[in-house]
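Novice: The structure under discussion is supplied below as structure tokens; questions concerning it will follow.
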Amino acid sequence: MSENGGWSAALTRFLNRLHARLAARARTTGALVSQPEPRSTGSYARGLQLCAGNLMFAGHLVEAPDAMIWDLDPPDSAWAEEIQGFRWLDDLAAVGDARARQVAQRWLWGWIDRYGTGKGDGWTPEAAGRRLIRCIHHAVFLLRGVEGEASARFYRALAAQAVFLSRRWQGAAPGLPRFEALTGLLYAGLSLEGMGPQVEPARRALARDCAAQVDAEGGIPTRNPEELLEVFTLLTWARAALEAEDKAPDEAHVAAIGRIAPTLRALRHADGGLARFQGGGRGLDGRLDLALAASGAKRRPPGGLAMGYARLAAARTSVIVDAAAPPKGRASGDAHASTLAFELTSGRRPVIVSCGSGAVFGEDWRRAGRATPSHSTLCLDGYSSARLATPVRIGGMEREYLEDAPALVPVQITQTEGGTRLEGGHDGYRRTHGLTHARVLELAYDGRSLSGEDMLVTLDDADKASFDRRMDAARLAGFPWQIRFHLHPDVDARLDMGGSAVSLVLRSGEVWVFRPDGTPQLTVEPSVYLEKGRLRPRAAKQVVLSGRAMEYATRIRWSLAKAQDTAIAVRDLVTDETEPTH
């Protein structure tokens with residue numbers, strides 16, 4: 001851990017604790033002068049599980065019926081951080097009955113008893129912002145049947161967190177944490193008695209961060225699609241809250257919403273879910289549609305790249321490719337070495353996927369999910385296309401930046417007689433092996449086939465000399481490579497045609513056939529599918545092509561196409577199964 005990073009994190013924690021205690025002692029009055037419409041939506045099924053005592057957060061299930069959540073020993077810091085954000089309040093409000101209200105009230109006033117004086121965990125700007133947003137959204141639900149001193153304590157707790165945010169929002173890391181803190185402060189200024197003077201500073205700060213963090217193409221530095229959706233959602237909530245009080249959001253705020261909307265549309269697969277790259281997941285069901293509808297932005301996705309991703313789409317098939325260099329510096333703390341990886345979805349069914357973020361399953365899974373072998377692309381000699389640096393402390397947690405990442409990632413998208421073609425390359429293996437990875441993907445106009453070509457090539461004499469030195473060190477045995485095609489857990493994969501092809505059967509009844517050209521080894525191997533809301537990684541499979549790079553140029557061709565007897569349009573009426581949490 002770097003010395004500077006350690007001192008900075010220690011100073012941040014000290015200032016948060018100091019201002020939390022000062023804010024809790026501040027003289028505040030309590031009442032809601034207005035209440036934004038509840039916009040944060042939760043899961044009814046998850047709310048029922050919480051009522052039953054099945055507490056699942058950050059990949060850990062704790063069975064504790066009728067327990068006070070703050071009395072439990074958290075399995076890890078991620079579990080504690082998640083419950084401090086009060087997202088569980090969305091789920092309980094989604095149930096909305098007397099039992100759910102009782103649980104919500106018990107946990108909320110339990111938090112006030114334990115942490116309301118400014119002590120203990122959870123006093124970070126981003127966590128305070130999340131709590132304020134949800135408590136204000138669901139105030140009517142929480143306060144039903146509550147009177148007297150209990151109601152006053154609720155308002156005092158909200159006011160104390162608003163005062164804390166007014167002093168410490170700058171302590172939140174730029175990006176999503178800062179947007180959460182500022183949106184919470186804006187909500188408090190609009191909704192709480194005596195907090196009106198905070199509205200204008202929060203509005204201006206939000207506009208500055210929109211200009212600084214949302215680039216001209218509607219992207220953010222982390223290149224995480226799900227994080228972009230969360231930022232977009234917060235910005236639409238903040239705009240709606242301002243407009244409800246006849247206050248105009250800043251032009252930079254409105255412009256950022258207009259830039260992000262078409263980018264999110266470009267990052268959406270045919271099934272409505274987001275591409276799972278750079279630590280992001282598919283997004284909560286319905287969240288993207290709700291946010292886009294609330295934004296009112298109608299612009300279509302831009303041509304070319306969107307936040308560094310290329311989208312090829314035809315008929316009911318979508319292909320999204322990570323076609324840019326990975327994030328750099330602080331933005332790479334959770335970034336993945338996924339350059340030139342792709343995902344393919346057919347109708348409602350994901351086919352080729354990334355393994356996803358393993359953060360909720362512990363540090364080992366988090367690191368494994370970031371590596372190139374966890375993505376549907378080529379991996380050379382056991383190296384990832386970008387490597388993890390020495391851990392540093394970011395926001396109170398140890399993270400590894402990416403280093404030795406691809407610097408040159410040229411990409412070109414063209415229309416051909418048969419479809420849409422993407423040609424790209426990256427130099428992530430050039431320093432280590434003298435080889436550049438080039439990839440060509442072409443999606444047919446009818447969406448029924450994707451043809452691919454992967455190449456490892458030396459580009460100049462210096463590359464050849466580097467390649468020769470590595471070959472000598474390997475005793476002329478060449479460098480092993482693998483091209484992985486990770487499959488969604490619902491895809492049934494089996495070797496076919498005497499081992500020369502793989503048949504992929506989807507739950508919709510569609511059949512896709514994968515075939516390589518030439519003589520690479522073709523295998524079907526175990527894989528995993530990592531997603532939030534699960535107790536454990538889901539077992540899956542992957543198609544793997546493997547061989548050895550022996551020359552200055554290695555070329556591997558392959559194709560993925562629907563079987564000839566697969567109908568043009570399939571009525572996909574099969575319902576998805578959900579995993580029980582106990």
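Letters A, B, ... mark the chains of the structure tokens in the order given; residue numbers begin at 1 per chain; ligand numbers begin at 1, in order shown.
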Can you pull out every residue from range 220-415 of chain A that DSSP, working from the backbone, puts in alpha helix (DSSP H), and format the result as a ChimeraX atom specification?
Specialist: /A:225-244,251-266,287-295,363-370
Novice: Could you save those same residues with C-alpha atoms as a PDB file, in the first residue's frame?
Specialist:
ATOM      1  CA  PRO A 225     -22.123   0.438 -17.867  1.00  0.00           C
ATOM      2  CA  GLU A 226     -24.032  -0.349 -14.661  1.00  0.00           C
ATOM      3  CA  GLU A 227     -22.320   2.510 -12.842  1.00  0.00           C
ATOM      4  CA  LEU A 228     -23.242   4.808 -15.716  1.00  0.00           C
ATOM      5  CA  LEU A 229     -26.868   3.730 -15.256  1.00  0.00           C
ATOM      6  CA  GLU A 230     -26.700   4.530 -11.528  1.00  0.00           C
ATOM      7  CA  VAL A 231     -25.269   7.994 -12.259  1.00  0.00           C
ATOM      8  CA  PHE A 232     -27.953   8.566 -14.897  1.00  0.00           C
ATOM      9  CA  THR A 233     -30.700   7.500 -12.480  1.00  0.00           C
ATOM     10  CA  LEU A 234     -29.457   9.869  -9.774  1.00  0.00           C
ATOM     11  CA  LEU A 235     -29.314  12.752 -12.233  1.00  0.00           C
ATOM     12  CA  THR A 236     -32.884  12.133 -13.392  1.00  0.00           C
ATOM     13  CA  TRP A 237     -34.072  11.949  -9.760  1.00  0.00           C
ATOM     14  CA  ALA A 238     -32.283  15.194  -8.920  1.00  0.00           C
ATOM     15  CA  ARG A 239     -33.742  16.962 -11.941  1.00  0.00           C
ATOM     16  CA  ALA A 240     -37.269  15.751 -11.128  1.00  0.00           C
ATOM     17  CA  ALA A 241     -36.924  16.872  -7.496  1.00  0.00           C
ATOM     18  CA  LEU A 242     -35.794  20.349  -8.556  1.00  0.00           C
ATOM     19  CA  GLU A 243     -38.545  20.726 -11.126  1.00  0.00           C
ATOM     20  CA  ALA A 244     -41.177  19.594  -8.604  1.00  0.00           C
ATOM     21  CA  GLU A 251     -27.735  23.463 -17.981  1.00  0.00           C
ATOM     22  CA  ALA A 252     -24.715  21.208 -17.421  1.00  0.00           C
ATOM     23  CA  HIS A 253     -26.926  18.837 -15.399  1.00  0.00           C
ATOM     24  CA  VAL A 254     -29.575  18.625 -18.126  1.00  0.00           C
ATOM     25  CA  ALA A 255     -26.941  18.298 -20.856  1.00  0.00           C
ATOM     26  CA  ALA A 256     -25.294  15.368 -19.051  1.00  0.00           C
ATOM     27  CA  ILE A 257     -28.623  13.511 -18.966  1.00  0.00           C
ATOM     28  CA  GLY A 258     -28.997  14.137 -22.699  1.00  0.00           C
ATOM     29  CA  ARG A 259     -25.516  12.760 -23.403  1.00  0.00           C
ATOM     30  CA  ILE A 260     -25.816   9.663 -21.220  1.00  0.00           C
ATOM     31  CA  ALA A 261     -29.200   8.433 -22.524  1.00  0.00           C
ATOM     32  CA  PRO A 262     -28.095   7.442 -26.058  1.00  0.00           C
ATOM     33  CA  THR A 263     -24.920   5.868 -24.672  1.00  0.00           C
ATOM     34  CA  LEU A 264     -26.960   3.634 -22.365  1.00  0.00           C
ATOM     35  CA  ARG A 265     -29.177   2.635 -25.280  1.00  0.00           C
ATOM     36  CA  ALA A 266     -26.063   1.556 -27.178  1.00  0.00           C
ATOM     37  CA  ARG A 287     -34.202   0.293 -13.891  1.00  0.00           C
ATOM     38  CA  LEU A 288     -32.873   1.232 -17.332  1.00  0.00           C
ATOM     39  CA  ASP A 289     -36.332   1.547 -18.899  1.00  0.00           C
ATOM     40  CA  LEU A 290     -37.589   3.646 -15.977  1.00  0.00           C
ATOM     41  CA  ALA A 291     -34.580   5.944 -16.107  1.00  0.00           C
ATOM     42  CA  LEU A 292     -34.775   6.422 -19.867  1.00  0.00           C
ATOM     43  CA  ALA A 293     -38.494   7.152 -19.684  1.00  0.00           C
ATOM     44  CA  ALA A 294     -37.982   9.629 -16.842  1.00  0.00           C
ATOM     45  CA  SER A 295     -35.177  11.397 -18.684  1.00  0.00           C
ATOM     46  CA  GLU A 363     -11.365 -10.882  -2.913  1.00  0.00           C
ATOM     47  CA  ASP A 364     -10.219 -14.007  -4.766  1.00  0.00           C
ATOM     48  CA  TRP A 365     -13.316 -14.003  -6.972  1.00  0.00           C
ATOM     49  CA  ARG A 366     -13.042 -10.245  -7.470  1.00  0.00           C
ATOM     50  CA  ARG A 367      -9.479 -10.581  -8.778  1.00  0.00           C
ATOM     51  CA  ALA A 368     -10.325 -13.618 -10.900  1.00  0.00           C
ATOM     52  CA  GLY A 369     -13.249 -11.794 -12.522  1.00  0.00           C
ATOM     53  CA  ARG A 370     -10.949  -8.947 -13.574  1.00  0.00           C
TER      54      ARG A 370
END
Novice: Contacts of Ala188 in chain A at 9 Å or less, counting only C-alpha atoms, minus same-chain residues fewer than 6 places along, as a PyMOL selection string?
Specialist: chain A and resi 132-133+136+158-159+161-162+195-196+198-199
Novice: Keeping only N, CA, C and O atoms, write those residues as a CSV table (one decimal), in the first residue's frame.
Specialist:
chain,number,residue,atom,x,y,z
A,132,LEU,N,-30.3,9.3,2.9
A,132,LEU,CA,-31.2,10.4,2.8
A,132,LEU,C,-32.2,10.2,1.7
A,132,LEU,O,-33.4,10.5,1.8
A,133,ILE,N,-31.7,9.8,0.5
A,133,ILE,CA,-32.6,9.6,-0.6
A,133,ILE,C,-33.7,8.7,-0.3
A,133,ILE,O,-34.9,8.9,-0.6
A,136,ILE,N,-36.2,9.9,2.6
A,136,ILE,CA,-37.1,10.9,2.1
A,136,ILE,C,-38.1,10.3,1.1
A,136,ILE,O,-39.3,10.6,1.1
A,158,LEU,N,-32.2,12.8,10.0
A,158,LEU,CA,-32.1,13.3,8.7
A,158,LEU,C,-31.4,14.6,8.6
A,158,LEU,O,-30.5,14.8,7.7
A,159,ALA,N,-31.7,15.5,9.5
A,159,ALA,CA,-31.1,16.8,9.5
A,159,ALA,C,-29.6,16.7,9.8
A,159,ALA,O,-28.7,17.4,9.2
A,161,GLN,N,-27.6,14.2,9.1
A,161,GLN,CA,-26.9,13.7,8.0
A,161,GLN,C,-26.8,14.8,6.9
A,161,GLN,O,-25.8,14.8,6.1
A,162,ALA,N,-27.8,15.6,6.8
A,162,ALA,CA,-27.8,16.7,5.8
A,162,ALA,C,-26.6,17.7,6.2
A,162,ALA,O,-25.9,18.1,5.3
A,195,MET,N,-33.2,23.5,5.8
A,195,MET,CA,-32.1,23.1,4.9
A,195,MET,C,-32.1,23.7,3.5
A,195,MET,O,-31.3,23.4,2.7
A,196,GLY,N,-33.1,24.6,3.3
A,196,GLY,CA,-33.2,25.3,2.0
A,196,GLY,C,-31.9,25.9,1.5
A,196,GLY,O,-31.6,25.9,0.3
A,198,GLN,N,-29.0,24.9,1.5
A,198,GLN,CA,-28.1,23.9,0.9
A,198,GLN,C,-28.5,23.6,-0.6
A,198,GLN,O,-27.7,22.9,-1.3
A,199,VAL,N,-29.6,24.0,-1.1
A,199,VAL,CA,-30.1,23.6,-2.4
A,199,VAL,C,-29.2,24.2,-3.5
A,199,VAL,O,-28.7,23.5,-4.4
Novice: For range 142-156 of chain A, please output as a ChimeraX atom specification all residues within 12 Å (counting only C-alpha atoms; exclusion window: fewer than 6 positions along the same chain).
Specialist: /A:23-33,89-90,92-93,96-113,116-118,132,134-136,162-163,188,191-195
Novice: A:Pro526, A:Gly218, A:Pro489, A:Gly452: which is nearest Phe514 in chain A, counting only C-alpha atoms?
Specialist: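 Nearest to Phe514 in chain A: A:Gly452.
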Novice: Restricting the calculation to only C-alpha atoms: of A:Thr124, A:Ser34, A:Ser40, A:Thr432, which residue gets closest to Thr12 in chain A?
Specialist: A:Thr124
Novice: Show me, as a CSV table (one decimal) with N, CA and C atoms, in the first residue's frame, the residues that have an atom within 12 Å of range 405-412 of chain A when counting only C-alpha atoms, minus same-chain residues fewer than 3 positions from it.
Specialist:
chain,number,residue,atom,x,y,z
A,303,GLY,N,-23.4,6.6,-33.7
A,303,GLY,CA,-22.6,5.7,-34.5
A,303,GLY,C,-21.2,5.6,-34.0
A,304,GLY,N,-20.6,4.5,-34.3
A,304,GLY,CA,-19.2,4.3,-33.8
A,304,GLY,C,-19.3,3.7,-32.4
A,305,LEU,N,-18.3,4.2,-31.5
A,305,LEU,CA,-18.2,3.7,-30.2
A,305,LEU,C,-19.0,4.5,-29.2
A,308,GLY,N,-16.5,3.7,-25.5
A,308,GLY,CA,-15.5,2.7,-25.8
A,308,GLY,C,-16.0,1.3,-26.2
A,309,TYR,N,-17.3,1.2,-26.3
A,309,TYR,CA,-17.9,-0.1,-26.7
A,309,TYR,C,-18.5,0.0,-28.1
A,310,ALA,N,-18.4,-1.1,-28.8
A,310,ALA,CA,-19.0,-1.1,-30.1
A,310,ALA,C,-20.2,-2.1,-30.1
A,311,ARG,N,-21.3,-1.6,-30.7
A,311,ARG,CA,-22.5,-2.4,-30.7
A,311,ARG,C,-22.9,-2.8,-32.2
A,321,VAL,N,-19.0,-5.2,-27.9
A,321,VAL,CA,-17.6,-5.4,-27.8
A,321,VAL,C,-16.9,-4.4,-27.0
A,322,ASP,N,-16.0,-4.8,-26.1
A,322,ASP,CA,-15.1,-3.8,-25.4
A,322,ASP,C,-14.0,-3.4,-26.4
A,323,ALA,N,-14.2,-2.2,-27.0
A,323,ALA,CA,-13.3,-1.8,-28.1
A,323,ALA,C,-12.4,-0.6,-27.8
A,324,ALA,N,-12.0,-0.5,-26.5
A,324,ALA,CA,-11.2,0.6,-26.1
A,324,ALA,C,-10.2,0.2,-25.0
A,325,ALA,N,-9.2,1.0,-24.8
A,325,ALA,CA,-8.3,0.7,-23.7
A,325,ALA,C,-9.1,0.7,-22.3
A,326,PRO,N,-8.6,-0.1,-21.3
A,326,PRO,CA,-9.3,0.0,-20.1
A,326,PRO,C,-9.1,1.3,-19.3
A,327,PRO,N,-9.9,1.6,-18.3
A,327,PRO,CA,-9.7,2.8,-17.5
A,327,PRO,C,-8.3,2.9,-16.9
A,328,LYS,N,-7.9,4.1,-16.6
A,328,LYS,CA,-6.6,4.4,-16.1
A,328,LYS,C,-6.7,5.0,-14.7
A,329,GLY,N,-5.6,4.9,-13.9
A,329,GLY,CA,-5.5,5.5,-12.6
A,329,GLY,C,-6.6,5.1,-11.7
A,332,SER,N,-9.4,2.8,-12.5
A,332,SER,CA,-9.2,1.4,-12.8
A,332,SER,C,-9.2,0.5,-11.6
A,335,ALA,N,-11.5,-2.1,-12.6
A,335,ALA,CA,-11.5,-2.3,-14.0
A,335,ALA,C,-11.1,-3.7,-14.3
A,336,HIS,N,-11.5,-4.2,-15.5
A,336,HIS,CA,-11.2,-5.5,-16.0
A,336,HIS,C,-10.3,-5.5,-17.2
A,337,ALA,N,-9.5,-6.5,-17.4
A,337,ALA,CA,-8.6,-6.7,-18.6
A,337,ALA,C,-9.4,-7.4,-19.7
A,338,SER,N,-10.3,-6.6,-20.3
A,338,SER,CA,-11.3,-7.2,-21.2
A,338,SER,C,-11.2,-6.7,-22.6
A,339,THR,N,-10.1,-6.1,-23.0
A,339,THR,CA,-10.1,-5.4,-24.3
A,339,THR,C,-10.3,-6.5,-25.4
A,340,LEU,N,-11.2,-6.1,-26.3
A,340,LEU,CA,-11.7,-6.9,-27.5
A,340,LEU,C,-12.5,-8.1,-27.1
A,371,ALA,N,-9.6,-10.7,-14.6
A,371,ALA,CA,-8.5,-11.2,-15.5
A,371,ALA,C,-9.1,-11.5,-16.9
A,372,THR,N,-8.2,-11.5,-17.8
A,372,THR,CA,-8.6,-11.7,-19.2
A,372,THR,C,-9.3,-13.1,-19.4
A,383,TYR,N,-1.0,-14.7,-19.6
A,383,TYR,CA,-1.0,-13.3,-19.3
A,383,TYR,C,-2.4,-12.7,-19.5
A,384,SER,N,-2.8,-11.8,-18.7
A,384,SER,CA,-3.9,-10.9,-19.0
A,384,SER,C,-3.4,-9.8,-19.9
A,385,SER,N,-4.3,-9.2,-20.7
A,385,SER,CA,-3.9,-8.1,-21.5
A,385,SER,C,-3.6,-6.8,-20.7
A,386,ALA,N,-4.0,-6.8,-19.4
A,386,ALA,CA,-3.5,-5.8,-18.5
A,386,ALA,C,-3.3,-6.5,-17.2
A,387,ARG,N,-2.4,-6.0,-16.4
A,387,ARG,CA,-2.0,-6.6,-15.1
A,387,ARG,C,-2.5,-5.8,-13.9
A,388,LEU,N,-2.6,-6.5,-12.8
A,388,LEU,CA,-3.0,-5.8,-11.6
A,388,LEU,C,-1.8,-5.3,-10.9
A,389,ALA,N,-1.8,-4.0,-10.4
A,389,ALA,CA,-0.7,-3.4,-9.8
A,389,ALA,C,-0.7,-3.8,-8.3
A,401,TYR,N,-5.0,-1.0,-9.0
A,401,TYR,CA,-5.1,-0.4,-10.3
A,401,TYR,C,-4.6,-1.3,-11.4
A,402,LEU,N,-5.0,-1.0,-12.7
A,402,LEU,CA,-4.5,-1.8,-13.8
A,402,LEU,C,-3.2,-1.1,-14.3
A,415,GLN,N,-19.7,-1.4,-43.0
A,415,GLN,CA,-20.8,-2.2,-43.5
A,415,GLN,C,-20.3,-2.9,-44.8
A,420,THR,N,-22.4,-6.3,-40.8
A,420,THR,CA,-21.6,-5.3,-40.1
A,420,THR,C,-20.3,-5.9,-39.6
A,421,ARG,N,-19.2,-5.2,-39.9
A,421,ARG,CA,-17.9,-5.8,-39.5
A,421,ARG,C,-17.2,-4.8,-38.6
A,422,LEU,N,-16.6,-5.4,-37.6
A,422,LEU,CA,-15.7,-4.7,-36.6
A,422,LEU,C,-14.3,-5.3,-36.8
A,423,GLU,N,-13.3,-4.4,-37.0
A,423,GLU,CA,-11.9,-4.8,-37.0
A,423,GLU,C,-11.2,-4.0,-35.9
A,424,GLY,N,-10.5,-4.7,-35.1
A,424,GLY,CA,-9.8,-4.0,-34.0
A,424,GLY,C,-8.5,-4.7,-33.6
A,425,GLY,N,-7.8,-4.1,-32.7
A,425,GLY,CA,-6.5,-4.7,-32.3
A,425,GLY,C,-6.1,-4.0,-31.0
A,426,HIS,N,-5.2,-4.7,-30.2
A,426,HIS,CA,-4.6,-4.1,-29.0
A,426,HIS,C,-3.2,-4.6,-28.8
A,427,ASP,N,-2.4,-3.7,-28.2
A,427,ASP,CA,-1.0,-4.0,-28.0
A,427,ASP,C,-0.7,-4.5,-26.6
A,428,GLY,N,-1.6,-5.1,-25.9
A,428,GLY,CA,-1.4,-5.6,-24.5
A,428,GLY,C,-0.4,-6.7,-24.4
A,429,TYR,N,-0.1,-7.4,-25.4
A,429,TYR,CA,1.0,-8.4,-25.4
A,429,TYR,C,2.2,-8.1,-26.1
A,430,ARG,N,2.3,-6.8,-26.6
A,430,ARG,CA,3.4,-6.4,-27.4
A,430,ARG,C,4.7,-6.3,-26.5
A,431,ARG,N,4.6,-5.7,-25.4
A,431,ARG,CA,5.8,-5.6,-24.5
A,431,ARG,C,6.3,-6.9,-24.0
A,432,THR,N,5.4,-7.8,-23.7
A,432,THR,CA,5.8,-9.1,-23.1
A,432,THR,C,6.2,-10.1,-24.2
A,435,LEU,N,3.8,-9.4,-29.7
A,435,LEU,CA,2.7,-9.8,-30.5
A,435,LEU,C,1.5,-8.8,-30.2
A,436,THR,N,0.8,-8.5,-31.3
A,436,THR,CA,-0.4,-7.7,-31.2
A,436,THR,C,-1.6,-8.6,-31.5
A,437,HIS,N,-2.6,-8.4,-30.7
A,437,HIS,CA,-3.8,-9.2,-30.9
A,437,HIS,C,-4.8,-8.4,-31.8
A,438,ALA,N,-5.2,-9.0,-32.9
A,438,ALA,CA,-6.2,-8.4,-33.8
A,438,ALA,C,-7.4,-9.2,-33.8
A,439,ARG,N,-8.6,-8.6,-33.9
A,439,ARG,CA,-9.8,-9.4,-33.9
A,439,ARG,C,-10.8,-8.8,-35.0
A,440,VAL,N,-11.4,-9.7,-35.8
A,440,VAL,CA,-12.4,-9.3,-36.7
A,440,VAL,C,-13.7,-10.0,-36.4
A,441,LEU,N,-14.8,-9.3,-36.2
A,441,LEU,CA,-16.1,-9.8,-36.0
A,441,LEU,C,-17.0,-9.3,-37.0
A,442,GLU,N,-17.8,-10.2,-37.6
A,442,GLU,CA,-18.8,-9.8,-38.6
A,442,GLU,C,-20.2,-10.4,-38.3
